[in-house]
Amino acid sequence: MTGPVADALKRFRRSDSPWLALPFFEGDAADTVAARVDARIAEGIAVLPAPETIFNALTLTPLTEVKAVILGQDPYPTPGDAHGLAFSYVGSRRLPASLKVILAELPDASAEPRTGDLTPWARRGVLLLNTALTVEKGKSGVHLRYGWAALTDQAVEAVSKRAEPAVFLLWGAQARARAALVDTTRHGVIESGHPSPLNRQRDFPGSRPFAAANAWLKAHGVAPIDWRLE
């Protein structure tokens, strides 16, 4: 099996990541998805993000270090914007609308955020995992049925099976559907609508998920997360 995504998968498998114990990586599922995405690339389709960043969420936040989980849908479909972390933005234009809504809920959000790069969160134990790890240029959602969702479900279940408490921030219908995979006797679940401005219910603004997550963590003996980006 050859191709940029297959090669990225091989590199990830050579790491010592505890996520490699997931059935997705131990069986054929990961190879099947990688082959399907590489077939699109071989057809001349631009697939995002860059192959070396596809597994960033798992690389930057090992299973043993997870304190919070935030699930997204798929990467930004514009080249240069996404880098393997849900909602995180490293593009050069203004911040995506949904991300601006998210950052407005930060405890110290008193000014316009100057960065959308959420790497600091990932390094502090926030698993920023998309339901699909790849997308095609200009075509949001086209890889949601490629098989990546099995990885998302297994990752949520793996965190849920740990004894160490974690909190799940589930935004929007797709993410909230995975609440059923979480053992709420050990872990917290904080649900709300999606942060997209297209969400007509507008039930994300004012929900203060980050403050609620830290309150839950502290109540269960876990140090709160530093949500600052700068």
# chains A, B, ... in the order shown; residues from 1 in each chain; ligands from 1
>>> select_by_dssp(residues="range 44-170 of chain A", states="strand (DSSP E)", output="JSON, numbers by chain")
{"A": [47, 48, 68, 69, 70, 71, 72, 126, 127, 128, 129, 130, 135, 136, 167, 168, 169, 170]}
>>> write_last_selection(atoms="all heavy atoms", output="tab-separated table (two decimals), in the first residue's frame")
chain	number	residue	atom	x	y	z
A	47	VAL	N	-6.54	16.78	-1.46
A	47	VAL	CA	-7.04	16.32	-0.16
A	47	VAL	C	-6.31	17.07	0.94
A	47	VAL	O	-5.10	17.27	0.90
A	47	VAL	CB	-6.84	14.80	-0.01
A	47	VAL	CG1	-7.14	14.35	1.42
A	47	VAL	CG2	-7.75	14.05	-0.99
A	48	LEU	N	-7.07	17.47	1.95
A	48	LEU	CA	-6.55	18.26	3.07
A	48	LEU	C	-6.82	17.53	4.39
A	48	LEU	O	-7.75	16.74	4.47
A	48	LEU	CB	-7.22	19.63	3.09
A	48	LEU	CG	-7.22	20.40	1.76
A	48	LEU	CD1	-8.11	21.63	1.86
A	48	LEU	CD2	-5.81	20.80	1.39
A	68	ALA	N	-10.02	16.43	28.43
A	68	ALA	CA	-11.25	16.90	27.80
A	68	ALA	C	-11.27	16.43	26.35
A	68	ALA	O	-10.22	16.24	25.73
A	68	ALA	CB	-11.36	18.42	27.87
A	69	VAL	N	-12.46	16.26	25.81
A	69	VAL	CA	-12.63	15.83	24.43
A	69	VAL	C	-13.57	16.81	23.73
A	69	VAL	O	-14.67	17.10	24.23
A	69	VAL	CB	-13.23	14.41	24.34
A	69	VAL	CG1	-13.47	14.02	22.88
A	69	VAL	CG2	-12.33	13.40	25.04
A	70	ILE	N	-13.14	17.34	22.59
A	70	ILE	CA	-13.97	18.19	21.75
A	70	ILE	C	-14.00	17.55	20.36
A	70	ILE	O	-12.94	17.30	19.77
A	70	ILE	CB	-13.42	19.63	21.66
A	70	ILE	CG1	-13.46	20.30	23.02
A	70	ILE	CG2	-14.21	20.44	20.63
A	70	ILE	CD1	-12.86	21.71	23.06
A	71	LEU	N	-15.19	17.27	19.87
A	71	LEU	CA	-15.34	16.61	18.57
A	71	LEU	C	-15.79	17.61	17.51
A	71	LEU	O	-16.72	18.38	17.72
A	71	LEU	CB	-16.37	15.48	18.67
A	71	LEU	CG	-16.07	14.37	19.68
A	71	LEU	CD1	-17.20	13.35	19.68
A	71	LEU	CD2	-14.74	13.69	19.37
A	72	GLY	N	-15.12	17.56	16.36
A	72	GLY	CA	-15.53	18.36	15.21
A	72	GLY	C	-16.06	17.47	14.12
A	72	GLY	O	-16.21	16.25	14.29
A	126	VAL	N	-6.41	18.31	25.74
A	126	VAL	CA	-7.71	18.45	25.08
A	126	VAL	C	-7.64	17.71	23.74
A	126	VAL	O	-6.94	18.14	22.83
A	126	VAL	CB	-8.09	19.92	24.85
A	126	VAL	CG1	-9.48	20.02	24.23
A	126	VAL	CG2	-8.05	20.69	26.18
A	127	LEU	N	-8.37	16.61	23.63
A	127	LEU	CA	-8.40	15.85	22.38
A	127	LEU	C	-9.33	16.55	21.41
A	127	LEU	O	-10.55	16.62	21.63
A	127	LEU	CB	-8.88	14.42	22.65
A	127	LEU	CG	-9.00	13.52	21.41
A	127	LEU	CD1	-7.63	13.30	20.77
A	127	LEU	CD2	-9.65	12.20	21.77
A	128	LEU	N	-8.76	17.08	20.33
A	128	LEU	CA	-9.51	17.83	19.32
A	128	LEU	C	-9.64	16.95	18.09
A	128	LEU	O	-8.86	17.04	17.14
A	128	LEU	CB	-8.78	19.14	19.00
A	128	LEU	CG	-8.64	20.12	20.17
A	128	LEU	CD1	-7.55	21.14	19.89
A	128	LEU	CD2	-9.96	20.81	20.46
A	129	LEU	N	-10.65	16.10	18.09
A	129	LEU	CA	-10.75	15.06	17.08
A	129	LEU	C	-11.93	15.28	16.14
A	129	LEU	O	-13.07	15.44	16.59
A	129	LEU	CB	-10.90	13.70	17.77
A	129	LEU	CG	-10.84	12.46	16.87
A	129	LEU	CD1	-9.49	12.36	16.16
A	129	LEU	CD2	-11.10	11.20	17.69
A	130	ASN	N	-11.66	15.26	14.86
A	130	ASN	CA	-12.71	15.36	13.85
A	130	ASN	C	-13.30	13.98	13.56
A	130	ASN	O	-12.63	12.96	13.69
A	130	ASN	CB	-12.17	15.96	12.55
A	130	ASN	CG	-12.11	17.46	12.58
A	130	ASN	OD1	-13.03	18.12	13.08
A	130	ASN	ND2	-11.04	18.03	12.04
A	135	VAL	N	-10.50	15.80	4.09
A	135	VAL	CA	-11.55	16.47	3.33
A	135	VAL	C	-10.97	16.80	1.96
A	135	VAL	O	-9.74	16.72	1.78
A	135	VAL	CB	-12.02	17.76	4.07
A	135	VAL	CG1	-10.95	18.85	3.99
A	135	VAL	CG2	-13.35	18.26	3.53
A	136	GLU	N	-11.81	17.15	1.01
A	136	GLU	CA	-11.32	17.57	-0.29
A	136	GLU	C	-11.46	19.08	-0.44
A	136	GLU	O	-12.38	19.68	0.13
A	136	GLU	CB	-12.08	16.84	-1.41
A	136	GLU	CG	-11.80	15.35	-1.39
A	136	GLU	CD	-12.60	14.57	-2.42
A	136	GLU	OE1	-13.21	15.21	-3.32
A	136	GLU	OE2	-12.63	13.34	-2.32
A	167	VAL	N	-13.77	15.09	30.69
A	167	VAL	CA	-15.03	15.76	30.38
A	167	VAL	C	-15.17	15.87	28.87
A	167	VAL	O	-14.21	16.19	28.16
A	167	VAL	CB	-15.10	17.15	31.06
A	167	VAL	CG1	-14.00	18.07	30.59
A	167	VAL	CG2	-16.47	17.77	30.86
A	168	PHE	N	-16.36	15.57	28.37
A	168	PHE	CA	-16.65	15.59	26.94
A	168	PHE	C	-17.50	16.82	26.62
A	168	PHE	O	-18.58	16.98	27.18
A	168	PHE	CB	-17.40	14.32	26.53
A	168	PHE	CG	-16.58	13.06	26.64
A	168	PHE	CD1	-16.33	12.47	27.86
A	168	PHE	CD2	-16.05	12.47	25.50
A	168	PHE	CE1	-15.57	11.31	27.97
A	168	PHE	CE2	-15.29	11.31	25.59
A	168	PHE	CZ	-15.05	10.73	26.83
A	169	LEU	N	-16.99	17.67	25.73
A	169	LEU	CA	-17.72	18.85	25.28
A	169	LEU	C	-18.31	18.52	23.91
A	169	LEU	O	-17.58	18.46	22.91
A	169	LEU	CB	-16.80	20.07	25.20
A	169	LEU	CG	-16.43	20.74	26.53
A	169	LEU	CD1	-15.56	19.84	27.38
A	169	LEU	CD2	-15.70	22.05	26.29
A	170	LEU	N	-19.60	18.27	23.88
A	170	LEU	CA	-20.25	17.78	22.67
A	170	LEU	C	-21.15	18.87	22.10
A	170	LEU	O	-22.16	19.23	22.70
A	170	LEU	CB	-21.06	16.52	23.00
A	170	LEU	CG	-20.26	15.39	23.68
A	170	LEU	CD1	-21.16	14.19	23.96
A	170	LEU	CD2	-19.06	14.98	22.83
>>> residues_around(residues="Ser140 in chain A", least_positions_apart="2", cutoff="12 Å", atoms="only C-alpha atoms", output="list in words")
Val47, Leu48, Gln73, Asp74, Pro75, Tyr76, Pro77, Thr78, Ala132, Leu133, Thr134, Val135, Glu136, Lys137, Gly138, Val142, His143, Leu144 and Arg145 of chain A
>>> write_last_selection(atoms="all heavy atoms", output="short mmCIF file (atom, residue, chain, number, x, y, z; two decimals), in the first residue's frame")
data_model
loop_
_atom_site.label_atom_id
_atom_site.label_comp_id
_atom_site.auth_asym_id
_atom_site.auth_seq_id
_atom_site.Cartn_x
_atom_site.Cartn_y
_atom_site.Cartn_z
N VAL A 47 -6.54 16.78 -1.46
CA VAL A 47 -7.04 16.32 -0.16
C VAL A 47 -6.31 17.07 0.94
O VAL A 47 -5.10 17.27 0.90
CB VAL A 47 -6.84 14.80 -0.01
CG1 VAL A 47 -7.14 14.35 1.42
CG2 VAL A 47 -7.75 14.05 -0.99
N LEU A 48 -7.07 17.47 1.95
CA LEU A 48 -6.55 18.26 3.07
C LEU A 48 -6.82 17.53 4.39
O LEU A 48 -7.75 16.74 4.47
CB LEU A 48 -7.22 19.63 3.09
CG LEU A 48 -7.22 20.40 1.76
CD1 LEU A 48 -8.11 21.63 1.86
CD2 LEU A 48 -5.81 20.80 1.39
N GLN A 73 -16.34 18.05 12.96
CA GLN A 73 -16.87 17.27 11.84
C GLN A 73 -15.76 16.85 10.89
O GLN A 73 -15.42 15.67 10.81
CB GLN A 73 -17.93 18.05 11.09
CG GLN A 73 -18.51 17.29 9.90
CD GLN A 73 -19.75 17.96 9.32
OE1 GLN A 73 -20.82 17.94 9.90
NE2 GLN A 73 -19.57 18.57 8.16
N ASP A 74 -15.18 17.79 10.16
CA ASP A 74 -14.06 17.47 9.27
C ASP A 74 -13.20 18.72 9.11
O ASP A 74 -13.58 19.81 9.55
CB ASP A 74 -14.54 16.93 7.93
CG ASP A 74 -15.45 17.87 7.16
OD1 ASP A 74 -15.91 18.87 7.75
OD2 ASP A 74 -15.71 17.61 5.98
N PRO A 75 -12.00 18.59 8.53
CA PRO A 75 -11.09 19.73 8.43
C PRO A 75 -11.66 20.86 7.56
O PRO A 75 -12.55 20.65 6.74
CB PRO A 75 -9.84 19.12 7.79
CG PRO A 75 -9.94 17.66 8.05
CD PRO A 75 -11.40 17.35 8.02
N TYR A 76 -11.11 22.05 7.76
CA TYR A 76 -11.45 23.17 6.88
C TYR A 76 -11.06 22.80 5.44
O TYR A 76 -9.96 22.28 5.20
CB TYR A 76 -10.71 24.44 7.31
CG TYR A 76 -11.08 24.92 8.69
CD1 TYR A 76 -10.13 24.97 9.70
CD2 TYR A 76 -12.38 25.36 8.99
CE1 TYR A 76 -10.46 25.42 10.98
CE2 TYR A 76 -12.72 25.80 10.25
CZ TYR A 76 -11.76 25.84 11.25
OH TYR A 76 -12.08 26.28 12.51
N PRO A 77 -11.93 23.09 4.45
CA PRO A 77 -11.67 22.65 3.08
C PRO A 77 -10.85 23.61 2.24
O PRO A 77 -10.80 23.46 1.02
CB PRO A 77 -13.09 22.51 2.52
CG PRO A 77 -13.86 23.59 3.22
CD PRO A 77 -13.28 23.66 4.61
N THR A 78 -10.19 24.58 2.87
CA THR A 78 -9.34 25.52 2.14
C THR A 78 -7.89 25.22 2.45
O THR A 78 -7.53 25.11 3.63
CB THR A 78 -9.66 26.97 2.54
OG1 THR A 78 -11.04 27.24 2.27
CG2 THR A 78 -8.80 27.95 1.76
N ALA A 132 -14.13 13.02 10.56
CA ALA A 132 -13.34 12.62 9.38
C ALA A 132 -12.02 13.38 9.45
O ALA A 132 -12.02 14.58 9.68
CB ALA A 132 -14.08 12.95 8.09
N LEU A 133 -10.93 12.66 9.27
CA LEU A 133 -9.62 13.31 9.39
C LEU A 133 -9.16 13.95 8.09
O LEU A 133 -8.12 14.62 8.07
CB LEU A 133 -8.57 12.31 9.86
CG LEU A 133 -8.83 11.61 11.20
CD1 LEU A 133 -7.55 10.92 11.69
CD2 LEU A 133 -9.35 12.57 12.25
N THR A 134 -9.92 13.74 7.02
CA THR A 134 -9.55 14.33 5.73
C THR A 134 -10.77 14.94 5.05
O THR A 134 -11.91 14.63 5.40
CB THR A 134 -8.94 13.26 4.78
OG1 THR A 134 -9.85 12.16 4.67
CG2 THR A 134 -7.61 12.76 5.31
N VAL A 135 -10.50 15.80 4.09
CA VAL A 135 -11.55 16.47 3.33
C VAL A 135 -10.97 16.80 1.96
O VAL A 135 -9.74 16.72 1.78
CB VAL A 135 -12.02 17.76 4.07
CG1 VAL A 135 -10.95 18.85 3.99
CG2 VAL A 135 -13.35 18.26 3.53
N GLU A 136 -11.81 17.15 1.01
CA GLU A 136 -11.32 17.57 -0.29
C GLU A 136 -11.46 19.08 -0.44
O GLU A 136 -12.38 19.68 0.13
CB GLU A 136 -12.08 16.84 -1.41
CG GLU A 136 -11.80 15.35 -1.39
CD GLU A 136 -12.60 14.57 -2.42
OE1 GLU A 136 -13.21 15.21 -3.32
OE2 GLU A 136 -12.63 13.34 -2.32
N LYS A 137 -10.56 19.66 -1.17
CA LYS A 137 -10.56 21.11 -1.36
C LYS A 137 -11.93 21.60 -1.83
O LYS A 137 -12.47 21.14 -2.82
CB LYS A 137 -9.50 21.49 -2.39
CG LYS A 137 -9.43 22.97 -2.70
CD LYS A 137 -8.37 23.25 -3.75
CE LYS A 137 -8.35 24.72 -4.14
NZ LYS A 137 -7.33 25.00 -5.19
N GLY A 138 -12.50 22.50 -1.04
CA GLY A 138 -13.77 23.13 -1.40
C GLY A 138 -14.99 22.26 -1.24
O GLY A 138 -16.08 22.66 -1.65
N VAL A 142 -17.19 15.52 2.39
CA VAL A 142 -17.18 14.43 1.40
C VAL A 142 -16.49 13.16 1.89
O VAL A 142 -16.68 12.10 1.30
CB VAL A 142 -16.53 14.88 0.06
CG1 VAL A 142 -17.37 15.94 -0.60
CG2 VAL A 142 -15.11 15.38 0.29
N HIS A 143 -15.71 13.23 2.97
CA HIS A 143 -15.05 12.04 3.49
C HIS A 143 -15.69 11.52 4.77
O HIS A 143 -15.14 10.63 5.42
CB HIS A 143 -13.56 12.30 3.73
CG HIS A 143 -12.77 12.45 2.46
ND1 HIS A 143 -11.39 12.51 2.44
CD2 HIS A 143 -13.17 12.53 1.16
CE1 HIS A 143 -10.98 12.64 1.19
NE2 HIS A 143 -12.04 12.67 0.41
N LEU A 144 -16.84 12.05 5.13
CA LEU A 144 -17.49 11.63 6.37
C LEU A 144 -17.92 10.17 6.32
O LEU A 144 -18.08 9.53 7.37
CB LEU A 144 -18.70 12.52 6.67
CG LEU A 144 -18.38 13.95 7.12
CD1 LEU A 144 -19.66 14.77 7.22
CD2 LEU A 144 -17.63 13.95 8.46
N ARG A 145 -18.11 9.63 5.13
CA ARG A 145 -18.52 8.23 4.99
C ARG A 145 -17.37 7.33 4.51
O ARG A 145 -17.61 6.21 4.05
CB ARG A 145 -19.71 8.12 4.02
CG ARG A 145 -20.96 8.86 4.51
CD ARG A 145 -22.13 8.65 3.57
NE ARG A 145 -23.30 9.38 3.99
CZ ARG A 145 -24.21 8.93 4.86
NH1 ARG A 145 -24.06 7.72 5.38
NH2 ARG A 145 -25.25 9.65 5.20
#
>>> closest_residue(among="A:Trp19, A:Pro209, A:Phe55, A:Arg186", to="Gly221 in chain A", atoms="only C-alpha atoms")
A:Arg186
>>> residues_around(residues="range 201-206 of chain A", least_positions_apart="6", cutoff="7 Å", atoms="only C-alpha atoms", output="VMD selection string")
chain A and resid 101 105 192 to 195
>>> residues_around(residues="Val182 in chain A", least_positions_apart="4", cutoff="8 Å", atoms="only C-alpha atoms", output="PyMOL selection string")
chain A and resi 156-157+160+178+187+189
>>> residues_around(residues="Pro4 in chain A", least_positions_apart="6", cutoff="9 Å", atoms="only C-alpha atoms", output="ChimeraX atom specification")
/A:34,38,41,50-52
>>> atom_distance(atom1="CA of Pro224 in chain A", atom2="CA of Leu106 in chain A")
13.4 Å
>>> atom_distance(atom1="CA of Ala21 in chain A", atom2="CA of Thr152 in chain A")
13.7 Å
>>> closest_residue(among="A:Gly80, A:Pro113, A:Pro49, A:Gly125", to="Ile225 in chain A", atoms="only C-alpha atoms")
A:Gly125
>>> closest_residue(among="A:Gly147, A:Gly172, A:Gly116, A:Pro165", to="Arg94 in chain A", atoms="only C-alpha atoms")
A:Gly116
>>> atom_distance(atom1="CA of Lys67 in chain A", atom2="CA of Asp16 in chain A")
19.7 Å
>>> select_by_dssp(residues="range 40-189 of chain A", states="helix (DSSP H, G or I)", output="number ranges by chain")
A: 40-42, 51-53, 56-60, 63-65, 97-103, 119-123, 149-161, 173-181
>>> write_last_selection(atoms="N, CA and C atoms", output="compact mmCIF listing (two decimals), in the first residue's frame")
# COMPACT_ATOMS: atom_id res chain seq x y z
N ARG A 40 -8.27 8.88 -4.19
CA ARG A 40 -8.73 10.20 -4.63
C ARG A 40 -7.55 11.10 -4.99
N ILE A 41 -6.50 11.02 -4.19
CA ILE A 41 -5.31 11.82 -4.47
C ILE A 41 -4.70 11.40 -5.81
N ALA A 42 -4.69 10.09 -6.06
CA ALA A 42 -4.14 9.58 -7.32
C ALA A 42 -4.94 10.05 -8.53
N PRO A 51 -0.63 15.57 4.62
CA PRO A 51 -0.57 14.22 5.18
C PRO A 51 0.14 14.12 6.52
N GLU A 52 1.21 14.89 6.69
CA GLU A 52 1.97 14.79 7.93
C GLU A 52 1.23 15.33 9.14
N THR A 53 0.07 15.99 8.92
CA THR A 53 -0.69 16.52 10.05
C THR A 53 -2.00 15.77 10.30
N ASN A 56 -2.51 14.52 13.84
CA ASN A 56 -2.04 15.44 14.88
C ASN A 56 -2.82 15.34 16.19
N ALA A 57 -4.14 15.18 16.11
CA ALA A 57 -4.94 15.13 17.34
C ALA A 57 -4.48 14.00 18.24
N LEU A 58 -4.19 12.84 17.65
CA LEU A 58 -3.76 11.68 18.43
C LEU A 58 -2.30 11.80 18.85
N THR A 59 -1.50 12.44 18.02
CA THR A 59 -0.08 12.58 18.34
C THR A 59 0.14 13.58 19.47
N LEU A 60 -0.57 14.70 19.42
CA LEU A 60 -0.37 15.76 20.42
C LEU A 60 -1.06 15.47 21.74
N LEU A 63 -3.69 9.15 24.68
CA LEU A 63 -4.84 8.67 25.44
C LEU A 63 -4.65 8.86 26.94
N THR A 64 -3.47 8.62 27.42
CA THR A 64 -3.20 8.71 28.86
C THR A 64 -3.26 10.14 29.39
N GLU A 65 -3.21 11.13 28.49
CA GLU A 65 -3.16 12.53 28.91
C GLU A 65 -4.48 13.27 28.72
N ALA A 97 -15.98 31.64 11.22
CA ALA A 97 -17.07 32.14 12.06
C ALA A 97 -17.34 31.25 13.26
N SER A 98 -17.36 29.94 13.07
CA SER A 98 -17.63 29.03 14.18
C SER A 98 -16.55 29.14 15.25
N LEU A 99 -15.30 29.26 14.82
CA LEU A 99 -14.21 29.36 15.79
C LEU A 99 -14.30 30.66 16.59
N LYS A 100 -14.70 31.75 15.95
CA LYS A 100 -14.88 33.01 16.68
C LYS A 100 -15.96 32.86 17.75
N VAL A 101 -17.04 32.15 17.42
CA VAL A 101 -18.10 31.91 18.40
C VAL A 101 -17.57 31.08 19.56
N ILE A 102 -16.75 30.08 19.25
CA ILE A 102 -16.17 29.22 20.29
C ILE A 102 -15.28 30.04 21.21
N LEU A 103 -14.37 30.79 20.63
CA LEU A 103 -13.41 31.53 21.44
C LEU A 103 -14.06 32.64 22.26
N THR A 119 -3.34 24.42 19.16
CA THR A 119 -2.31 23.48 19.58
C THR A 119 -2.04 23.52 21.08
N PRO A 120 -2.03 24.70 21.74
CA PRO A 120 -1.82 24.70 23.19
C PRO A 120 -2.85 23.86 23.95
N TRP A 121 -4.10 23.87 23.49
CA TRP A 121 -5.11 23.04 24.14
C TRP A 121 -4.74 21.56 23.99
N ALA A 122 -4.37 21.17 22.77
CA ALA A 122 -4.03 19.76 22.52
C ALA A 122 -2.88 19.32 23.42
N ARG A 123 -1.90 20.18 23.60
CA ARG A 123 -0.75 19.83 24.44
C ARG A 123 -1.11 19.79 25.93
N ALA A 149 -15.13 7.56 10.88
CA ALA A 149 -16.00 7.65 12.06
C ALA A 149 -15.75 6.53 13.05
N ALA A 150 -15.31 5.38 12.57
CA ALA A 150 -15.00 4.27 13.49
C ALA A 150 -13.89 4.66 14.44
N LEU A 151 -12.92 5.43 13.95
CA LEU A 151 -11.83 5.91 14.80
C LEU A 151 -12.38 6.84 15.88
N THR A 152 -13.25 7.74 15.49
CA THR A 152 -13.84 8.68 16.45
C THR A 152 -14.59 7.92 17.55
N ASP A 153 -15.43 6.98 17.16
CA ASP A 153 -16.20 6.22 18.14
C ASP A 153 -15.28 5.45 19.08
N GLN A 154 -14.27 4.81 18.54
CA GLN A 154 -13.37 4.03 19.36
C GLN A 154 -12.53 4.90 20.30
N ALA A 155 -12.16 6.09 19.83
CA ALA A 155 -11.41 7.01 20.69
C ALA A 155 -12.26 7.47 21.86
N VAL A 156 -13.53 7.81 21.59
CA VAL A 156 -14.44 8.21 22.66
C VAL A 156 -14.61 7.06 23.65
N GLU A 157 -14.80 5.86 23.17
CA GLU A 157 -14.97 4.70 24.04
C GLU A 157 -13.72 4.43 24.87
N ALA A 158 -12.55 4.62 24.26
CA ALA A 158 -11.30 4.38 24.98
C ALA A 158 -11.13 5.35 26.14
N VAL A 159 -11.46 6.61 25.92
CA VAL A 159 -11.39 7.59 27.02
C VAL A 159 -12.43 7.24 28.07
N SER A 160 -13.61 6.84 27.63
CA SER A 160 -14.68 6.51 28.56
C SER A 160 -14.32 5.32 29.45
N LYS A 161 -13.53 4.38 28.95
CA LYS A 161 -13.17 3.19 29.72
C LYS A 161 -12.09 3.46 30.76
N ALA A 173 -25.48 18.09 16.77
CA ALA A 173 -26.15 16.79 16.76
C ALA A 173 -25.19 15.62 16.58
N GLN A 174 -24.23 15.73 15.67
CA GLN A 174 -23.33 14.62 15.42
C GLN A 174 -22.48 14.32 16.64
N ALA A 175 -21.96 15.34 17.28
CA ALA A 175 -21.15 15.12 18.48
C ALA A 175 -22.01 14.62 19.63
N ARG A 176 -23.18 15.19 19.80
CA ARG A 176 -24.04 14.82 20.92
C ARG A 176 -24.52 13.38 20.82
N ALA A 177 -24.61 12.86 19.61
CA ALA A 177 -25.02 11.47 19.44
C ALA A 177 -24.03 10.52 20.10
N ARG A 178 -22.80 10.95 20.30
CA ARG A 178 -21.79 10.09 20.91
C ARG A 178 -21.80 10.13 22.43
N ALA A 179 -22.71 10.90 23.00
CA ALA A 179 -22.86 10.90 24.46
C ALA A 179 -23.20 9.50 24.96
N ALA A 180 -23.88 8.71 24.12
CA ALA A 180 -24.26 7.36 24.51
C ALA A 180 -23.05 6.45 24.70
N LEU A 181 -21.89 6.85 24.17
CA LEU A 181 -20.67 6.05 24.30
C LEU A 181 -19.90 6.37 25.57
>>> closest_residue(among="A:Ala35, A:Pro107, A:Arg114, A:Ser196", to="Leu95 in chain A", atoms="only C-alpha atoms")
A:Arg114
